[in-house]
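Participant: Structure file coords18.txt, compact mmCIF, C-alpha atoms and all ligand atoms, is pasted below:
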```txt
# COMPACT_ATOMS: atom_id res chain seq x y z
CA MET A 1 -194.77 103.38 83.55
CA GLU A 2 -193.45 105.88 81.01
CA LYS A 3 -190.68 108.21 82.11
CA ASN A 4 -190.19 111.70 80.75
CA LEU A 5 -186.73 113.03 81.49
CA ILE A 6 -184.33 115.81 80.63
CA ILE A 7 -180.78 114.65 79.97
CA ALA A 8 -177.96 117.18 79.59
CA ILE A 9 -174.39 116.50 78.53
CA THR A 10 -171.86 119.18 79.48
CA GLY A 11 -168.13 119.62 79.04
CA ALA A 12 -166.62 117.55 81.84
CA SER A 13 -164.58 114.46 81.15
CA GLY A 14 -166.61 111.26 81.04
CA ALA A 15 -168.78 111.46 77.93
CA LEU A 16 -168.96 107.67 78.15
CA TYR A 17 -171.31 107.91 81.13
CA ALA A 18 -173.81 109.89 79.06
CA HIS A 19 -173.59 107.39 76.22
CA HIS A 20 -174.51 104.52 78.54
CA LEU A 21 -177.29 106.50 80.18
CA LEU A 22 -178.94 107.32 76.86
CA ARG A 23 -178.50 103.77 75.56
CA ALA A 24 -180.00 102.34 78.75
CA LEU A 25 -183.05 104.57 78.32
CA ALA A 26 -183.36 103.64 74.66
CA GLU A 27 -183.11 99.91 75.35
CA HIS A 28 -184.99 99.49 78.64
CA ILE A 29 -187.21 102.41 79.64
CA PRO A 30 -190.49 103.39 77.96
CA GLY A 31 -190.88 107.15 77.66
CA LYS A 32 -189.36 110.27 76.22
CA SER A 33 -186.31 112.39 76.95
CA ARG A 34 -185.33 115.87 75.92
CA VAL A 35 -181.59 116.02 75.35
CA ILE A 36 -179.43 119.14 75.65
CA ILE A 37 -175.75 119.03 74.69
CA SER A 38 -173.45 121.96 75.43
CA PRO A 39 -170.79 122.99 72.89
CA ALA A 40 -168.12 121.99 75.43
CA GLY A 41 -169.87 118.63 75.88
CA LEU A 42 -169.62 118.07 72.13
CA ARG A 43 -165.96 119.04 72.17
CA VAL A 44 -165.09 116.75 75.07
CA CYS A 45 -166.74 113.81 73.27
CA ASN A 46 -164.68 114.60 70.18
CA GLU A 47 -161.52 114.65 72.32
CA GLU A 48 -162.33 111.47 74.22
CA ALA A 49 -163.86 109.33 71.49
CA GLY A 50 -161.80 110.62 68.56
CA THR A 51 -164.95 111.72 66.77
CA ARG A 52 -165.43 114.89 64.69
CA PHE A 53 -169.03 115.82 65.32
CA GLN A 54 -170.04 119.29 64.19
CA ASN A 55 -173.36 119.37 66.01
CA SER A 56 -175.54 117.70 68.63
CA GLU A 57 -177.64 115.87 66.03
CA GLU A 58 -174.62 113.96 64.76
CA TYR A 59 -173.54 113.23 68.31
CA LEU A 60 -176.92 111.83 69.40
CA ASP A 61 -177.22 109.76 66.21
CA TRP A 62 -173.84 108.21 66.98
CA ILE A 63 -174.73 107.38 70.60
CA LEU A 64 -178.05 105.77 69.75
CA GLY A 65 -177.12 104.25 66.40
CA SER A 66 -180.00 102.36 64.82
CA LEU A 67 -182.17 102.98 67.91
CA ARG A 68 -182.42 106.69 67.08
CA HIS A 69 -184.79 106.55 64.14
CA GLN A 70 -186.92 103.47 64.87
CA SER A 71 -190.55 103.87 63.78
CA ASP A 72 -191.93 102.71 67.15
CA PRO A 73 -189.15 103.30 69.68
CA LEU A 74 -189.44 102.25 73.33
CA HIS A 75 -187.93 105.58 74.34
CA SER A 76 -187.85 108.60 72.07
CA PHE A 77 -185.39 111.48 72.18
CA GLU A 78 -185.85 115.11 71.22
CA LEU A 79 -182.84 117.39 70.98
CA GLU A 80 -183.16 120.90 72.32
CA ASP A 81 -180.80 123.75 71.48
CA TYR A 82 -178.42 124.67 74.29
CA ARG A 83 -178.83 128.36 73.38
CA ASP A 84 -182.63 128.28 73.23
CA ILE A 85 -183.63 129.48 76.66
CA GLY A 86 -187.26 129.44 75.45
CA ALA A 87 -187.34 125.69 74.72
CA ARG A 88 -189.84 123.46 76.53
CA SER A 89 -187.34 122.39 79.18
CA ALA A 90 -187.02 126.04 80.20
CA SER A 91 -190.58 126.10 81.55
CA GLY A 92 -192.02 124.80 84.78
CA SER A 93 -195.14 123.86 82.83
CA ASN A 94 -193.13 121.14 81.08
CA HIS A 95 -193.89 118.24 83.39
CA HIS A 96 -191.13 115.68 83.65
CA ASP A 97 -189.89 113.00 86.03
CA GLY A 98 -186.41 114.38 86.57
CA MET A 99 -183.26 115.79 85.02
CA ALA A 100 -179.74 114.40 84.90
CA ILE A 101 -176.59 116.29 83.90
CA VAL A 102 -174.06 113.68 82.86
CA PRO A 103 -171.23 114.57 83.02
CA CYS A 104 -171.56 117.94 84.75
CA SER A 105 -168.76 120.50 84.45
CA MET A 106 -167.71 122.60 87.42
CA LYS A 107 -168.85 125.62 85.44
CA THR A 108 -172.40 124.31 85.03
CA LEU A 109 -172.41 123.15 88.66
CA ALA A 110 -171.36 126.65 89.76
CA SER A 111 -174.05 128.32 87.68
CA ILE A 112 -176.84 126.07 88.97
CA SER A 113 -175.79 126.39 92.59
CA HIS A 114 -175.86 130.19 92.22
CA GLY A 115 -179.12 130.41 90.32
CA ILE A 116 -177.44 131.62 87.12
CA THR A 117 -179.32 130.54 83.99
CA GLN A 118 -177.43 131.63 80.89
CA ASN A 119 -178.17 128.61 78.71
CA LEU A 120 -180.84 125.91 78.46
CA VAL A 121 -178.98 123.38 80.65
CA GLU A 122 -178.69 125.87 83.47
CA ARG A 123 -182.24 127.16 83.03
CA ALA A 124 -183.76 123.65 82.91
CA ALA A 125 -181.82 122.68 86.05
CA ASP A 126 -182.93 125.86 87.83
CA VAL A 127 -186.56 125.14 86.90
CA THR A 128 -186.24 121.49 87.95
CA LEU A 129 -185.08 122.60 91.42
CA LYS A 130 -187.76 125.26 91.83
CA GLU A 131 -190.45 122.79 90.80
CA ARG A 132 -189.02 120.30 93.35
CA ARG A 133 -188.38 117.65 90.74
CA PRO A 134 -185.37 115.31 90.95
CA LEU A 135 -182.09 116.77 89.67
CA VAL A 136 -179.03 114.51 89.47
CA VAL A 137 -175.63 115.93 88.55
CA VAL A 138 -172.56 113.82 87.80
CA PRO A 139 -169.61 116.17 88.35
CA ARG A 140 -166.03 115.36 87.51
CA GLU A 141 -162.90 117.20 88.54
CA ALA A 142 -159.78 116.21 90.46
CA PRO A 143 -158.91 117.49 92.93
CA TYR A 144 -161.87 119.53 94.09
CA SER A 145 -161.31 123.13 95.22
CA LEU A 146 -163.20 124.51 98.18
CA ILE A 147 -165.35 126.39 95.64
CA HIS A 148 -166.34 123.13 93.96
CA LEU A 149 -167.15 121.52 97.29
CA ARG A 150 -169.22 124.50 98.43
CA ASN A 151 -171.13 124.48 95.16
CA MET A 152 -171.90 120.77 95.59
CA THR A 153 -173.10 121.46 99.13
CA ALA A 154 -175.32 124.31 97.95
CA LEU A 155 -176.81 122.13 95.23
CA THR A 156 -177.49 119.36 97.74
CA GLU A 157 -179.11 121.83 100.14
CA ALA A 158 -181.34 123.00 97.30
CA GLY A 159 -182.59 119.44 96.77
CA GLY A 160 -180.24 118.24 94.04
CA ILE A 161 -178.39 114.93 94.09
CA VAL A 162 -174.62 115.01 93.56
CA LEU A 163 -173.60 111.66 92.13
CA PRO A 164 -169.87 111.83 91.46
CA ALA A 165 -168.34 110.11 88.46
CA SER A 166 -166.81 107.54 90.82
CA PRO A 167 -167.64 104.03 89.62
CA GLY A 168 -167.04 101.20 92.08
CA PHE A 169 -164.42 98.58 91.32
CA TYR A 170 -165.74 95.91 93.69
CA GLN A 171 -167.81 94.43 90.88
CA LYS A 172 -164.63 93.72 88.94
CA PRO A 173 -165.27 95.77 85.80
CA GLU A 174 -163.71 94.26 82.71
CA SER A 175 -164.04 97.26 80.44
CA LEU A 176 -164.64 100.99 80.34
CA ASP A 177 -168.18 100.14 79.28
CA ASP A 178 -168.71 98.32 82.58
CA LEU A 179 -167.72 101.53 84.39
CA GLY A 180 -170.08 103.50 82.16
CA ARG A 181 -172.96 101.13 82.89
CA PHE A 182 -172.27 101.37 86.63
CA ILE A 183 -172.74 105.15 86.66
CA ALA A 184 -175.68 105.04 84.23
CA ALA A 185 -177.50 102.60 86.53
CA ARG A 186 -176.80 104.77 89.57
CA VAL A 187 -178.14 107.85 87.83
CA LEU A 188 -181.32 106.02 86.83
CA SER A 189 -181.71 104.64 90.34
CA SER A 190 -181.45 108.17 91.75
CA LEU A 191 -184.28 109.14 89.40
CA GLY A 192 -186.37 106.27 90.77
CA ILE A 193 -185.77 104.00 87.76
CA GLN A 194 -184.40 100.54 88.49
CA VAL A 195 -182.67 98.88 85.56
CA ARG A 196 -180.22 96.02 85.62
CA LEU A 197 -177.12 97.13 83.72
CA PHE A 198 -174.64 95.05 85.70
CA ARG A 199 -174.72 92.21 88.21
CA PRO A 200 -175.77 93.46 91.68
CA TRP A 201 -173.26 93.18 94.50
CA LEU A 202 -173.28 89.73 96.21
CA GLU A 203 -175.45 88.17 93.51
CA GLU A 204 -173.78 84.99 92.27
CA SER A 205 -173.18 84.62 88.54
CA SER A 206 -174.15 81.42 86.76
CA GLU A 207 -170.41 80.71 86.26
CA ASP A 208 -169.57 81.00 89.99
C1 LIG A 301 -160.91 117.92 76.87
C2 LIG A 301 -161.58 118.74 77.94
C3 LIG A 301 -161.82 118.14 79.18
C4 LIG A 301 -162.44 118.85 80.21
N1 LIG A 301 -162.67 118.23 81.39
C5 LIG A 301 -163.33 118.90 82.37
C6 LIG A 301 -163.65 118.22 83.58
O1 LIG A 301 -163.39 117.02 83.78
N2 LIG A 301 -164.35 118.90 84.52
C7 LIG A 301 -164.72 120.22 84.34
O2 LIG A 301 -165.37 120.77 85.22
N3 LIG A 301 -164.41 120.89 83.19
C8 LIG A 301 -163.72 120.26 82.21
N4 LIG A 301 -163.41 120.92 81.04
C9 LIG A 301 -163.71 122.36 80.92
C10 LIG A 301 -165.17 122.65 80.56
O3 LIG A 301 -165.49 122.03 79.32
C11 LIG A 301 -165.38 124.17 80.47
O4 LIG A 301 -165.35 124.72 81.78
C12 LIG A 301 -166.65 124.58 79.77
O5 LIG A 301 -166.77 125.98 79.81
C13 LIG A 301 -167.87 123.95 80.40
O6 LIG A 301 -169.03 124.44 79.73
P1 LIG A 301 -170.44 123.71 79.88
O7 LIG A 301 -170.65 123.46 81.32
O8 LIG A 301 -171.43 124.69 79.33
O9 LIG A 301 -170.40 122.46 79.07
C14 LIG A 301 -162.80 120.22 79.99
C15 LIG A 301 -162.57 120.80 78.74
C16 LIG A 301 -161.96 120.08 77.73
C17 LIG A 301 -161.74 120.71 76.39
```
Take the structure in the file and write it out as structure tokens.
Facilitator:
Amino acid sequence: MEKNLIIAITGASGALYAHHLLRALAEHIPGKSRVIISPAGLRVCNEEAGTRFQNSEEYLDWILGSLRHQSDPLHSFELEDYRDIGARSASGSNHHDGMAIVPCSMKTLASISHGITQNLVERAADVTLKERRPLVVVPREAPYSLIHLRNMTALTEAGGIVLPASPGFYQKPESLDDLGRFIAARVLSSLGIQVRLFRPWLEESSED
């Protein structure tokens, strides 16, 4: 079944998780996603990946590579402007199957948990909660202050899912990409989408 999602990338460390999430959608899941990238999200990617993207278009092209402009893609992506609080994702009439914010900064987390909607990421998340659709946030900070923890509690009480950027190591990751795939699969699972991005726990490999 086709999945229509909203994926936001904000300015917390861990851009890699977003890259794997978008690639997993592009490669495995039929449907369509609207993508919103905050200016801080773009900056963090440039810091972490050593890139020099000037805008979200360049960033998304880089993540998806040749998958971005296929004539008949399995999953298509439409960028929305972070500043455009009148974009489709800002409206409850835009039916979708869930929203993920990967990674999610403490600032965006704080805004959502207080009902503040000053940009399209915050507005789309606010609408997703009010429409009782799945909202998954992947926050990253260390350590957490009491304010962060309270905001995560408030978001959970409002129906959101807090999925921390805490990949497991019991599956013996061999690369950063393995860690990225772990979180991407967990995010998709929380949105009701099962996709095999790594070997499930206790499943024997053919080499074992
Ligand atoms: C290199 C870099 C790394 C950052 N890492 C984090 C982080 O891990 N968690 C966080 O909450 N904010 C982090 N920030 C700060 C946020 O980017 C900042 O609060 C920003 O205003 C968030 O805006 P946004 O939520 O609209 O993307 C980082 C900023 C930079 C430049």
Participant: Using the file's own x, y and z axes, so that the box edges lie along x, y and z, what centre and edge lengths in Å (one decimal) does a box around every listed atom of ligand LIG 301 (chain A) get when 4 Å is added on each side? Give it as JSON.
Facilitator:
```
{"center_x": -166.2, "center_y": 121.5, "center_z": 80.8, "size_x": 18.5, "size_y": 17.0, "size_z": 16.8}
```
Participant: How close does each residue of chain A get to ligand LIG 301 (chain A), giving the shortest atom pair and distance in Å to one decimal for every residue with an atom at most 9 Å away, counting all atoms listed in the file, sorted by chain and residue number, as a tab-separated table?
Facilitator:
```
residue	atom	partner	partner_atom	distance
A:Ile9	CA	A:LIG301	O9	7.2
A:Thr10	CA	A:LIG301	O9	3.6
A:Gly11	CA	A:LIG301	O3	3.6
A:Ala12	CA	A:LIG301	C6	3.5
A:Ser13	CA	A:LIG301	O1	3.9
A:Gly14	CA	A:LIG301	O1	7.1
A:Ile37	CA	A:LIG301	O9	7.7
A:Ser38	CA	A:LIG301	O9	4.8
A:Pro39	CA	A:LIG301	O9	6.2
A:Ala40	CA	A:LIG301	O9	4.3
A:Gly41	CA	A:LIG301	O9	5.0
A:Leu42	CA	A:LIG301	O9	8.2
A:Arg43	CA	A:LIG301	C17	6.2
A:Val44	CA	A:LIG301	C1	4.7
A:Cys45	CA	A:LIG301	C1	8.0
A:Asn46	CA	A:LIG301	C1	8.4
A:Glu47	CA	A:LIG301	C1	5.6
A:Glu48	CA	A:LIG301	C1	7.1
A:Tyr82	CA	A:LIG301	O8	8.6
A:Pro103	CA	A:LIG301	O1	8.2
A:Cys104	CA	A:LIG301	O7	6.6
A:Ser105	CA	A:LIG301	O2	3.5
A:Met106	CA	A:LIG301	O2	3.7
A:Lys107	CA	A:LIG301	O7	5.0
A:Thr108	CA	A:LIG301	O7	4.2
A:Leu109	CA	A:LIG301	O7	7.6
A:Ser111	CA	A:LIG301	O7	8.7
A:Asn119	CA	A:LIG301	O8	7.8
A:Val121	CA	A:LIG301	O8	7.8
A:Glu122	CA	A:LIG301	O8	8.4
A:Pro139	CA	A:LIG301	O2	7.0
A:Arg140	CA	A:LIG301	O1	4.9
A:Glu141	CA	A:LIG301	N2	4.6
A:Ala142	CA	A:LIG301	O1	7.6
```
Participant: Name the residues in contact with Glu57 of chain A at a cut-off of 10 Å, using all atoms listed in the file, excluding same-chain residues fewer than 4 positions from it; report them as a list in words.
Facilitator: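 So, after excluding close chain neighbours, the residues are Ile37, Phe53, Asp61, Trp62, Glu78, Leu79 and Glu80 of chain A.
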Participant: Quick one, how far is atom CA of His69 of chain A from atom CA of Leu21 of chain A?
Facilitator: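 For atom CA of His69 of chain A relative to atom CA of Leu21 of chain A, the distance reads 17.7 Å.
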Participant: Give me the residues near Ala18 of chain A as a PyMOL selection string, where near means some atom within 9 Å (using only C-alpha atoms) and where sequence neighbours in that chain fewer than 6 positions away do not count.
Facilitator: chain A and resi 7-9+63+101-103+180+184
Participant: Around (-187.6, 119.1, 94.9) in the file's own coordinates, what residues are found within 10 Å if you use only C-alpha atoms, given back as a list in words?
Facilitator: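 Checked against the point, the hits come out as Gly98, Thr128, Leu129, Lys130, Glu131, Arg132, Arg133, Pro134, Leu135, Ala158, Gly159 and Gly160 of chain A.
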Participant: Might you pull out every residue within 8 Å of Gly86 of chain A, with only C-alpha atoms counted and same-chain residues fewer than 4 positions away left off, and present them as a VMD selection string?
Facilitator: chain A and resid 90 to 91 120
Participant: Counting all atoms listed in the file, which residues have an atom no more than 9 Å from (-183.3, 115.1, 82.0) in the file's coordinates? Please list them as an NGL selection string.
Facilitator: :A and (4-8 or 33-36 or 89 or 96-101 or 124-125 or 135-136)
Participant: Which residues, written as a list in words, have at least one atom at most 12 Å from Glu2 of chain A, with all atoms listed in the file counted and residues fewer than 5 positions away on the same chain left out?
Facilitator: Leu25, His28, Ile29, Pro30, Gly31, Lys32, Ser33, Leu74, His75, Ser76, His96, Asp97 and Ile193 of chain A
Participant: What gap, in Å, lies between atom CA of Asn55 of chain A and atom CA of Pro167 of chain A?
Facilitator: 28.7 Å
Participant: Between atom CA of Gln194 of chain A and atom CA of Met1 of chain A, what distance in Å does the model show, to one decimal?
Facilitator: 11.8 Å
Participant: Identify which of the residues A:Thr117, A:Ile112, A:Ser190, A:Asp177 lies closest to His148 of chain A, counting all atoms listed in the file when measuring atom-to-atom distances.
Facilitator: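 Checking each candidate against His148 of chain A, we get A:Ile112 as the closest.
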Participant: I'd like to know which of A:Thr51, A:Thr153, A:Ser175, A:Asn94 is closest to Ala110 of chain A, using only C-alpha atoms.
Facilitator: A:Thr153
Participant: From the list A:Arg150, A:Lys3, A:Arg68, A:Arg199, which residue is nearest Arg181 of chain A when using only C-alpha atoms?
Facilitator: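 Ranking A:Arg150, A:Lys3, A:Arg68, A:Arg199 by distance to Arg181 of chain A, first place goes to A:Arg199.
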Participant: Considering only C-alpha atoms, return as JSON, numbers by chain whatever protein or nucleic-acid residues lie within 10 Å of Leu179 of chain A, sequence-local ones (same chain, fewer than 2 positions apart) excluded.
Facilitator: {"A": [16, 17, 20, 165, 166, 167, 168, 169, 171, 172, 173, 174, 175, 176, 177, 181, 182, 183, 184, 198]}
Participant: Hey, which of A:Ala49, A:Ser113, A:Gln70, A:Leu197 ends up closest to Ala24 of chain A? Count all atoms listed in the file.
Facilitator: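 Closest to Ala24 of chain A of all the choices is A:Leu197.
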Participant: Between A:Tyr59, A:Leu22, A:Tyr170, A:Ser93, which is the closest to Val187 of chain A once you count all atoms listed in the file?
Facilitator: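 Using all atoms listed in the file, the shortest distance to Val187 of chain A belongs to A:Leu22.
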Participant: For each of A:Ile147, A:Ala15, A:Leu64, A:Leu191, take the minimum atom-to-atom distance to Leu163 of chain A, counting only C-alpha atoms, then give the residue where this is smallest.
Facilitator: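 Among the listed residues, A:Leu191 lies closest to Leu163 of chain A.
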